[in-house]
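K.L.:
The following file, my_file-v7.cif, comprises mmCIF, C-alpha atoms (C1' of nucleotides):
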data_entry
#
loop_
_atom_site.label_atom_id
_atom_site.label_comp_id
_atom_site.auth_asym_id
_atom_site.auth_seq_id
_atom_site.Cartn_x
_atom_site.Cartn_y
_atom_site.Cartn_z
CA MET P 4 -10.70 -6.09 28.19
CA SER P 5 -8.77 -3.23 26.64
CA LYS P 6 -10.44 -0.61 24.50
CA SER P 7 -11.32 -1.16 20.88
CA TYR P 8 -12.02 1.33 18.12
CA THR P 9 -13.91 1.53 14.86
CA ILE P 10 -12.27 2.82 11.76
CA SER P 11 -13.94 6.19 12.05
CA ASN P 12 -12.97 6.44 15.71
CA LEU P 13 -9.31 6.32 14.89
CA SER P 14 -9.78 8.26 11.69
CA GLN P 15 -11.29 11.15 13.59
CA GLU P 16 -8.93 10.99 16.53
CA PHE P 17 -5.86 11.20 14.34
CA GLY P 18 -7.26 13.31 11.54
CA VAL P 19 -6.67 10.85 8.75
CA THR P 20 -9.14 9.33 6.31
CA THR P 21 -10.49 5.83 6.58
CA ARG P 22 -8.79 5.19 3.27
CA THR P 23 -5.52 5.92 4.96
CA LEU P 24 -6.25 3.42 7.71
CA ARG P 25 -7.10 0.74 5.17
CA HIS P 26 -4.01 1.57 3.25
CA TYR P 27 -1.91 1.22 6.38
CA GLU P 28 -3.49 -2.15 6.90
CA ASP P 29 -2.55 -3.15 3.36
CA GLN P 30 0.97 -2.11 4.18
CA GLY P 31 0.96 -4.13 7.37
CA LEU P 32 1.19 -1.21 9.78
CA VAL P 33 -1.99 -2.08 11.62
CA THR P 34 -3.78 -5.42 11.88
CA PRO P 35 -7.32 -4.83 13.10
CA ALA P 36 -9.50 -7.82 13.95
CA ARG P 37 -12.98 -8.20 12.54
CA ASP P 38 -16.43 -8.00 14.01
CA GLY P 39 -18.20 -9.80 11.21
CA ILE P 40 -17.00 -7.75 8.30
CA ASN P 41 -16.14 -4.58 10.19
CA ARG P 42 -12.67 -3.71 11.38
CA ILE P 43 -12.02 -3.57 15.09
CA TYR P 44 -8.88 -1.73 16.08
CA THR P 45 -7.18 -2.52 19.35
CA SER P 46 -5.15 -0.14 21.46
CA ARG P 47 -2.10 -1.80 19.96
CA ASP P 48 -3.28 -0.64 16.55
CA ARG P 49 -3.83 2.79 17.99
CA VAL P 50 -0.29 2.92 19.30
CA ARG P 51 1.05 1.75 15.96
CA LEU P 52 -0.94 4.36 14.14
CA LYS P 53 0.44 7.01 16.43
CA LEU P 54 3.98 5.81 15.84
CA ALA P 55 3.35 5.60 12.11
CA LEU P 56 2.11 9.16 11.93
CA ARG P 57 5.10 10.40 13.85
CA GLY P 58 7.33 8.47 11.48
CA LYS P 59 5.56 10.11 8.59
CA ARG P 60 6.06 13.59 10.00
CA LEU P 61 9.74 12.76 10.13
CA GLY P 62 9.79 11.72 6.50
CA PHE P 63 9.91 7.96 6.95
CA SER P 64 8.23 5.91 4.25
CA LEU P 65 5.48 3.48 5.17
CA ASN P 66 7.83 0.70 4.26
CA GLU P 67 10.52 1.97 6.60
CA ILE P 68 7.93 2.34 9.33
CA ARG P 69 6.84 -1.24 8.82
CA GLU P 70 10.44 -2.35 9.03
CA LEU P 71 10.78 -0.51 12.30
CA PHE P 72 7.66 -2.24 13.60
CA GLU P 73 9.13 -5.56 12.63
CA LEU P 74 12.21 -4.64 14.55
CA TYR P 75 10.09 -3.67 17.52
CA ASP P 76 8.56 -7.12 17.33
CA LEU P 77 11.90 -8.82 17.26
CA ALA P 78 11.58 -10.85 20.44
CA SER P 79 13.76 -13.93 20.36
CA GLY P 80 17.19 -12.65 19.48
CA GLU P 81 18.77 -14.45 16.64
CA ARG P 82 22.30 -13.14 16.56
CA ARG P 83 22.24 -12.33 12.87
CA LYS P 84 19.03 -10.35 13.10
CA LEU P 85 20.34 -8.48 16.05
CA GLU P 86 23.42 -7.41 14.20
CA GLU P 87 21.39 -6.15 11.29
CA PHE P 88 19.15 -4.47 13.77
CA ALA P 89 22.07 -2.71 15.39
CA ILE P 90 23.30 -1.47 12.05
CA LYS P 91 19.91 -0.19 11.02
CA LEU P 92 19.49 1.49 14.34
CA ASP P 93 22.74 3.27 13.96
CA ARG P 94 21.87 4.51 10.51
CA ARG P 95 18.57 5.78 11.79
CA ARG P 96 20.25 7.49 14.69
CA ALA P 97 22.68 9.27 12.44
CA GLN P 98 19.80 10.32 10.27
CA LEU P 99 17.86 11.64 13.22
CA VAL P 100 20.83 13.53 14.56
CA GLN P 101 21.21 15.15 11.16
CA GLN P 102 17.54 15.93 11.16
CA ARG P 103 17.69 17.47 14.58
CA GLU P 104 20.48 19.67 13.35
CA ASP P 105 18.43 20.59 10.32
CA VAL P 106 15.47 21.49 12.43
CA GLU P 107 17.55 23.70 14.68
CA VAL P 108 19.05 25.57 11.76
CA MET P 109 15.70 25.95 10.10
CA LEU P 110 14.09 27.20 13.29
CA ASP P 111 16.82 29.75 13.67
CA GLU P 112 16.32 31.00 10.17
CA ILE P 113 12.60 31.12 10.50
CA SER P 114 12.75 32.99 13.76
CA PHE P 115 15.01 35.52 12.07
CA PHE P 116 12.51 35.99 9.29
CA ALA P 117 9.65 36.15 11.73
CA THR P 118 11.42 38.93 13.59
CA GLN P 119 12.09 40.84 10.40
CA CYS P 120 8.52 40.34 9.38
CA GLN P 121 7.10 41.55 12.67
CA ARG P 122 9.32 44.59 12.50
CA LEU P 123 8.13 45.47 9.03
CA LEU P 124 4.53 44.91 9.97
CA ALA P 125 4.92 47.09 13.00
CA GLU P 126 6.39 49.86 10.89
CA THR P 127 3.62 49.93 8.34
CA GLU P 128 1.08 49.75 11.13
CA THR P 129 2.25 52.89 12.85
CA GLY P 130 2.45 54.69 9.55
CA LYS P 131 6.21 54.87 9.70
CA THR P 132 6.54 53.81 6.08
CA LYS P 133 9.42 55.48 4.32
CA ALA P 134 7.78 56.96 1.22
CA ILE P 135 4.27 57.68 2.38
CA MET Y 5 34.18 36.78 -9.98
CA SER Y 6 32.58 34.22 -7.70
CA LYS Y 7 32.92 30.52 -8.33
CA SER Y 8 30.87 28.64 -10.85
CA TYR Y 9 30.08 24.95 -11.15
CA THR Y 10 29.15 22.42 -13.78
CA ILE Y 11 26.21 20.13 -13.31
CA SER Y 12 28.43 17.21 -12.38
CA ASN Y 13 30.37 19.36 -9.93
CA LEU Y 14 27.29 20.00 -7.87
CA SER Y 15 25.91 16.57 -8.54
CA GLN Y 16 28.98 14.97 -7.03
CA GLU Y 17 29.40 17.42 -4.19
CA PHE Y 18 25.87 16.88 -2.94
CA GLY Y 19 25.42 13.28 -3.94
CA VAL Y 20 22.45 13.77 -6.23
CA THR Y 21 22.02 12.85 -9.88
CA THR Y 22 22.22 15.36 -12.69
CA ARG Y 23 18.63 14.48 -13.40
CA THR Y 24 17.76 15.78 -9.98
CA LEU Y 25 19.50 19.06 -10.68
CA ARG Y 26 17.65 19.46 -13.95
CA HIS Y 27 14.44 18.59 -12.20
CA TYR Y 28 15.10 21.21 -9.57
CA GLU Y 29 15.65 23.70 -12.34
CA ASP Y 30 12.31 22.74 -13.85
CA GLN Y 31 10.76 23.40 -10.47
CA GLY Y 32 12.47 26.76 -10.23
CA LEU Y 33 14.73 25.92 -7.31
CA VAL Y 34 17.94 26.74 -9.15
CA THR Y 35 18.45 28.97 -12.19
CA PRO Y 36 21.82 28.19 -13.75
CA ALA Y 37 23.10 30.37 -16.56
CA ARG Y 38 24.38 28.89 -19.79
CA ASP Y 39 27.79 28.58 -21.36
CA GLY Y 40 26.60 27.93 -24.87
CA ILE Y 41 24.31 25.02 -24.20
CA ASN Y 42 25.84 23.86 -20.93
CA ARG Y 43 24.53 24.84 -17.53
CA ILE Y 44 26.70 27.02 -15.33
CA TYR Y 45 25.75 27.04 -11.69
CA THR Y 46 26.66 29.99 -9.50
CA SER Y 47 27.37 29.90 -5.79
CA ARG Y 48 23.85 31.20 -5.33
CA ASP Y 49 22.60 28.05 -7.00
CA ARG Y 50 24.85 26.06 -4.76
CA VAL Y 51 23.41 27.66 -1.66
CA ARG Y 52 19.89 27.08 -2.92
CA LEU Y 53 20.66 23.47 -3.60
CA LYS Y 54 22.00 23.08 -0.11
CA LEU Y 55 18.90 24.68 1.37
CA ALA Y 56 16.68 22.57 -0.86
CA LEU Y 57 18.32 19.36 0.25
CA ARG Y 58 17.98 20.31 3.87
CA GLY Y 59 14.34 21.09 3.23
CA LYS Y 60 13.94 17.69 1.65
CA ARG Y 61 15.49 15.93 4.62
CA LEU Y 62 12.89 17.65 6.74
CA GLY Y 63 10.08 16.42 4.54
CA PHE Y 64 9.34 19.65 2.66
CA SER Y 65 8.06 19.26 -0.88
CA LEU Y 66 9.90 20.89 -3.73
CA ASN Y 67 6.96 23.19 -4.12
CA GLU Y 68 7.11 24.27 -0.49
CA ILE Y 69 10.82 24.81 -0.84
CA ARG Y 70 10.26 26.99 -3.86
CA GLU Y 71 7.70 28.99 -1.92
CA LEU Y 72 10.22 29.46 0.83
CA PHE Y 73 12.75 30.71 -1.70
CA GLU Y 74 10.20 33.15 -3.01
CA LEU Y 75 9.69 34.33 0.52
CA TYR Y 76 13.44 34.69 0.96
CA ASP Y 77 13.41 36.87 -2.12
CA LEU Y 78 10.63 38.99 -0.81
CA ALA Y 79 12.39 42.32 -0.72
CA SER Y 80 9.96 45.21 -0.97
CA GLY Y 81 7.39 44.56 1.70
CA GLU Y 82 3.88 44.78 0.46
CA ARG Y 83 1.77 44.66 3.59
CA ARG Y 84 -0.48 41.90 2.29
CA LYS Y 85 2.39 39.66 1.33
CA LEU Y 86 4.02 40.23 4.63
CA GLU Y 87 0.94 39.13 6.49
CA GLU Y 88 0.69 35.96 4.48
CA PHE Y 89 4.36 35.48 5.05
CA ALA Y 90 3.96 35.82 8.78
CA ILE Y 91 1.17 33.28 8.81
CA LYS Y 92 3.11 30.80 6.74
CA LEU Y 93 6.13 31.28 8.91
CA ASP Y 94 4.14 30.54 12.00
CA ARG Y 95 2.72 27.38 10.53
CA ARG Y 96 6.18 26.26 9.58
CA ARG Y 97 7.50 27.05 13.00
CA ALA Y 98 4.78 25.04 14.68
CA GLN Y 99 5.53 22.22 12.32
CA LEU Y 100 9.22 22.36 13.09
CA VAL Y 101 8.65 22.47 16.82
CA GLN Y 102 6.49 19.37 16.47
CA GLN Y 103 9.19 17.79 14.39
CA ARG Y 104 11.85 18.57 16.93
CA GLU Y 105 9.70 16.91 19.55
CA ASP Y 106 9.25 13.92 17.27
CA VAL Y 107 12.95 13.63 16.72
CA GLU Y 108 13.69 13.74 20.42
CA VAL Y 109 11.16 11.03 21.18
CA MET Y 110 12.38 8.89 18.35
CA LEU Y 111 16.00 9.31 19.42
CA ASP Y 112 15.09 8.27 22.93
CA GLU Y 113 13.35 5.17 21.69
CA ILE Y 114 16.15 4.28 19.37
CA SER Y 115 18.77 4.69 22.02
CA PHE Y 116 16.72 2.38 24.24
CA PHE Y 117 16.63 -0.24 21.53
CA ALA Y 118 20.28 0.22 20.81
CA THR Y 119 21.08 -0.42 24.43
CA GLN Y 120 18.92 -3.54 24.52
CA CYS Y 121 20.52 -4.69 21.35
CA GLN Y 122 24.04 -4.21 22.59
CA ARG Y 123 23.18 -6.06 25.76
CA LEU Y 124 21.80 -9.03 23.84
CA LEU Y 125 24.76 -9.07 21.51
CA ALA Y 126 27.14 -8.99 24.44
CA GLU Y 127 25.33 -11.93 26.03
CA THR Y 128 25.48 -14.20 23.01
CA GLU Y 129 29.07 -13.24 22.50
CA THR Y 130 30.21 -14.45 25.90
CA GLY Y 131 28.21 -17.64 25.53
CA LYS Y 132 25.78 -16.65 28.25
CA THR Y 133 22.81 -17.76 26.19
CA LYS Y 134 20.03 -19.24 28.29
CA ALA Y 135 19.37 -22.59 26.61
CA ILE Y 136 22.76 -23.58 25.29
"C1'" DA L 9 40.70 11.01 -37.22
"C1'" DA L 10 38.43 7.94 -33.92
"C1'" DA L 11 36.83 7.10 -29.53
"C1'" DT L 12 35.70 8.45 -25.09
"C1'" DT L 13 33.48 11.57 -21.86
"C1'" DG L 14 30.21 15.03 -20.56
"C1'" DT L 15 26.43 17.35 -21.74
"C1'" DT L 16 21.87 18.49 -23.78
"C1'" DT L 17 16.64 17.86 -24.52
"C1'" DG L 18 12.76 15.09 -24.79
"C1'" DA L 19 9.67 11.69 -23.15
"C1'" DC L 20 7.87 7.72 -21.15
"C1'" DG L 21 8.24 4.86 -16.73
"C1'" DT L 22 8.07 4.10 -11.68
"C1'" DT L 23 7.26 4.36 -6.80
"C1'" DT L 24 4.82 6.16 -2.87
"C1'" DA L 25 0.78 7.43 -0.56
"C1'" DC L 26 -3.00 7.93 -0.77
"C1'" DG L 27 -7.81 10.10 -3.44
"C1'" DT L 28 -12.01 9.02 -5.45
"C1'" DA L 29 -15.80 6.63 -7.24
"C1'" DA L 30 -18.80 2.58 -7.49
"C1'" DA L 31 -21.54 -1.05 -5.83
"C1'" DA L 32 -23.19 -3.42 -2.03
"C1'" DG L 33 -24.10 -5.04 2.62
"C1'" DA L 34 -25.22 -4.00 7.72
"C1'" DA L 35 -27.00 -1.14 11.32
"C1'" DA L 36 -29.31 2.70 13.26
"C1'" DT L 37 -33.11 5.99 12.97
"C1'" DG L 38 -37.36 8.41 11.60
"C1'" DC A 29 -40.63 -0.25 6.26
"C1'" DA A 30 -37.83 3.30 4.09
"C1'" DT A 31 -33.91 6.04 4.59
"C1'" DT A 32 -29.75 7.51 6.15
"C1'" DT A 33 -25.24 6.34 7.97
"C1'" DC A 34 -21.31 3.50 8.26
"C1'" DT A 35 -18.83 0.23 6.48
"C1'" DT A 36 -16.93 -3.03 3.08
"C1'" DT A 37 -14.12 -4.37 -1.31
"C1'" DT A 38 -12.53 -3.38 -5.89
"C1'" DA A 39 -10.26 -0.62 -8.86
"C1'" DC A 40 -8.84 3.15 -11.49
"C1'" DG A 41 -6.66 7.90 -10.83
"C1'" DT A 42 -3.15 11.18 -9.31
"C1'" DA A 43 0.66 14.19 -7.63
"C1'" DA A 44 5.42 14.28 -6.44
"C1'" DA A 45 10.09 13.23 -7.37
"C1'" DC A 46 12.72 11.63 -9.77
"C1'" DG A 47 14.62 7.11 -12.95
"C1'" DT A 48 15.73 5.62 -17.32
"C1'" DC A 49 16.36 5.35 -21.81
"C1'" DA A 50 17.36 7.58 -26.50
"C1'" DA A 51 19.35 10.56 -29.79
"C1'" DA A 52 22.39 14.13 -30.56
"C1'" DC A 53 26.03 17.48 -29.99
"C1'" DA A 54 30.63 19.21 -28.07
"C1'" DA A 55 35.04 18.83 -26.04
"C1'" DT A 56 38.83 15.86 -24.77
"C1'" DT A 57 41.93 12.29 -25.09
"C1'" DT A 58 44.38 8.64 -27.53
#
I need this file expressed as structure tokens, please.
P.N.:
Amino acid sequence: MSKSYTISNLSQEFGVTTRTLRHYEDQGLVTPARDGINRIYTSRDRVRLKLALRGKRLGFSLNEIRELFELYDLASGERRKLEEFAIKLDRRRAQLVQQREDVEVMLDEISFFATQCQRLLAETETGKTKAI
Amino acid sequence: MSKSYTISNLSQEFGVTTRTLRHYEDQGLVTPARDGINRIYTSRDRVRLKLALRGKRLGFSLNEIRELFELYDLASGERRKLEEFAIKLDRRRAQLVQQREDVEVMLDEISFFATQCQRLLAETETGKTKAI
DNA sequence: AAATTGTTTGACGTTTACGTAAAAGAAATG
DNA sequence: CATTTCTTTTACGTAAACGTCAAACAATTT
């Protein structure tokens, strides 16, 4: 008897709208059961939602996320599927490595600007402005 | 006399369409000069394009990228602007830190799957399949 | 000169990821 | 019982980021 959630439960927990959750269902990212007419989300749905949102933050499309889920679900290994899987994985990995690099560079730049900014703010604060 | 580029030069170098470059101009990300009617991109445009594409890979919108460029251009420090700048920077930094975390987790997961995948592929290759 | 190639400016089309509104049913609460 | 509150489906709307013509002009190349 694992936990179950209503649509607003998950909506609130993850800070998304119920519309979003229904949309994700349309896109096959979550597959809640029904209590009569109402959606009942399982902890599996919750995990998927979490993964989906992380994917989103990384710029993956819902479609790509669904594909990843399908790959996660790949249980019995048909050779052909596995090969495709391996190729896709490698593409993703390369992409992520690039992204990690991007993030590092961007963080460096931002921290430079932040420093500059703090310095300038400090100056004006102590009245050390050039002109006045 | 720094280098200059045609639209197809940059288009090819960065693997984007000319339409994209024109679109980025519409959005104020690049500001090529003109040789008669034709666009002439400077190395400054090239740098901006590079930055823009990195921003895109990280999931920034063109609008956010433009805002960042405006911040880059912020030369004379009006106190108010600087404060807003600092706040925006901090939000971005938090976002990037989260993203870095996301990337790490995702890379871990992917490498796990890759390993599994390789193992399965190796098995089928050597005919060590369970049933047959 | 004719044809190809590269460029321009519109301008409408498309995909993604939801937003938003409407109408209606179910459940909780005063 | 009446009224919120939560939920449902249906369906049109929208913002972003280009795609995709079309028509026209300029510079090369044959």
K.L.:
Using all atoms listed in the file, pick whichever of P:Glu70, P:Glu107, P:Thr118, P:Lys6 has the shortest atom-to-atom distance to Thr45 in chain P.
P.N.:
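Among the listed residues, the smallest separation from Thr45 in chain P belongs to P:Lys6.
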K.L.:
Using all atoms listed in the file, determine which residues lie at most 7 Å from Arg42 in chain P, disregarding the query and same-chain residues fewer than 4 positions distant; provide the list as a ChimeraX atom specification.
P.N.:
/P:9-10,35-38
K.L.:
Which polymer residues have any atom within 12 Å of an atom of Ser15 in chain Y, counting all atoms listed in the file, with same-chain residues fewer than 6 positions away left out, as a PyMOL selection string?
P.N.:
chain Y and resi 9+21-26+28+45+50+53-54+57
K.L.:
As a check of understanding, name the residues that the PyMOL selection byres ((chain Y) within 7 of (chain P)) selects in the supplied structure, as an mmCIF file with C-alpha atoms, in the coordinates of the input.
P.N.:
data_model
loop_
_atom_site.group_PDB
_atom_site.id
_atom_site.type_symbol
_atom_site.label_atom_id
_atom_site.label_comp_id
_atom_site.auth_asym_id
_atom_site.auth_seq_id
_atom_site.Cartn_x
_atom_site.Cartn_y
_atom_site.Cartn_z
ATOM 1 C CA ARG Y 58 17.980 20.310 3.870
ATOM 2 C CA ARG Y 61 15.490 15.930 4.620
ATOM 3 C CA LEU Y 62 12.890 17.650 6.740
ATOM 4 C CA GLY Y 63 10.080 16.420 4.540
ATOM 5 C CA ARG Y 83 1.770 44.660 3.590
ATOM 6 C CA LEU Y 86 4.020 40.230 4.630
ATOM 7 C CA ALA Y 90 3.960 35.820 8.780
ATOM 8 C CA LEU Y 93 6.130 31.280 8.910
ATOM 9 C CA ARG Y 97 7.500 27.050 13.000
ATOM 10 C CA LEU Y 100 9.220 22.360 13.090
ATOM 11 C CA GLN Y 103 9.190 17.790 14.390
ATOM 12 C CA ARG Y 104 11.850 18.570 16.930
ATOM 13 C CA ASP Y 106 9.250 13.920 17.270
ATOM 14 C CA VAL Y 107 12.950 13.630 16.720
ATOM 15 C CA LEU Y 111 16.000 9.310 19.420
ATOM 16 C CA ILE Y 114 16.150 4.280 19.370
ATOM 17 C CA ALA Y 118 20.280 0.220 20.810
ATOM 18 C CA CYS Y 121 20.520 -4.690 21.350
ATOM 19 C CA LEU Y 125 24.760 -9.070 21.510
#
K.L.:
Excluding same-chain residues fewer than 5 positions from DT24 in chain L, what lies within 12 Å of it counting all atoms listed in the file, as an MDAnalysis selection string?
P.N.:
(chainID P and resid 26 30 62:67) or (chainID A and resid 42:46)
K.L.:
For a quick check of your reading of the model, name the residues lying within 10 Å of the coordinate (10.3, 1.3, -13.1), counting only C-alpha atoms (C1' of nucleotides), and write them as a list in words.
P.N.:
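Counting only C-alpha atoms (C1' of nucleotides), I find these residues within 10 Å of (10.3, 1.3, -13.1): DG21, DT22 and DT23 of chain L; DG47 and DT48 of chain A.
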K.L.:
Which residue out of L:DT16, L:DA34, L:DG27, L:DA11 has the minimum interatomic distance to chain Y when all atoms listed in the file are used?
P.N.:
L:DT16
K.L.:
What is the CA of Asn13 in chain Y to C1' of DG18 in chain L distance in Å?
P.N.:
23.4 Å
K.L.:
Let me make sure I understand: among L:DC20, L:DG14, L:DC26, L:DA36, which one has the smallest atom-to-atom distance to chain Y if we use all atoms listed in the file?
P.N.:
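Looking only at the distances to chain Y, the closest residue turns out to be L:DG14.
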K.L.:
Taking all atoms listed in the file into account, which residues of chain A are within 9 Å of chain P, as a PyMOL selection string?
P.N.:
chain A and resi 34-36
K.L.:
Which residue out of L:DA32, L:DA25, L:DA19, L:DT37 has the minimum interatomic distance to chain P when only C-alpha atoms (C1' of nucleotides) are used?
P.N.:
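Residue with the minimum atom-to-atom distance to chain P: L:DA25.
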K.L.:
Have a look at CA of Ser7 in chain P and C1' of DT32 in chain A and let me know their distance in Å, one decimal.
P.N.:
25.1 Å
K.L.:
Listed atoms of range 26-32 of chain P, axis-aligned box, 5 Å per side: centre and edge lengths to one decimal in Å, as JSON?
P.N.:
{"center_x": -1.4, "center_y": -1.3, "center_z": 6.5, "size_x": 15.2, "size_y": 15.7, "size_z": 16.5}
K.L.:
Which value, in Å to one decimal, gives the distance between C1' of DC53 in chain A and CA of Glu29 in chain Y?
P.N.:
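Computed distance, C1' of DC53 in chain A to CA of Glu29 in chain Y, equals 21.4 Å.
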K.L.:
Let me make sure I understand: among P:Asp48, P:Arg94, P:Asp76, P:Arg122, which one has the smallest atom-to-atom distance to Leu13 in chain P if we use all atoms listed in the file?
P.N.:
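Ranked by minimum distance to Leu13 in chain P, first place goes to P:Asp48.
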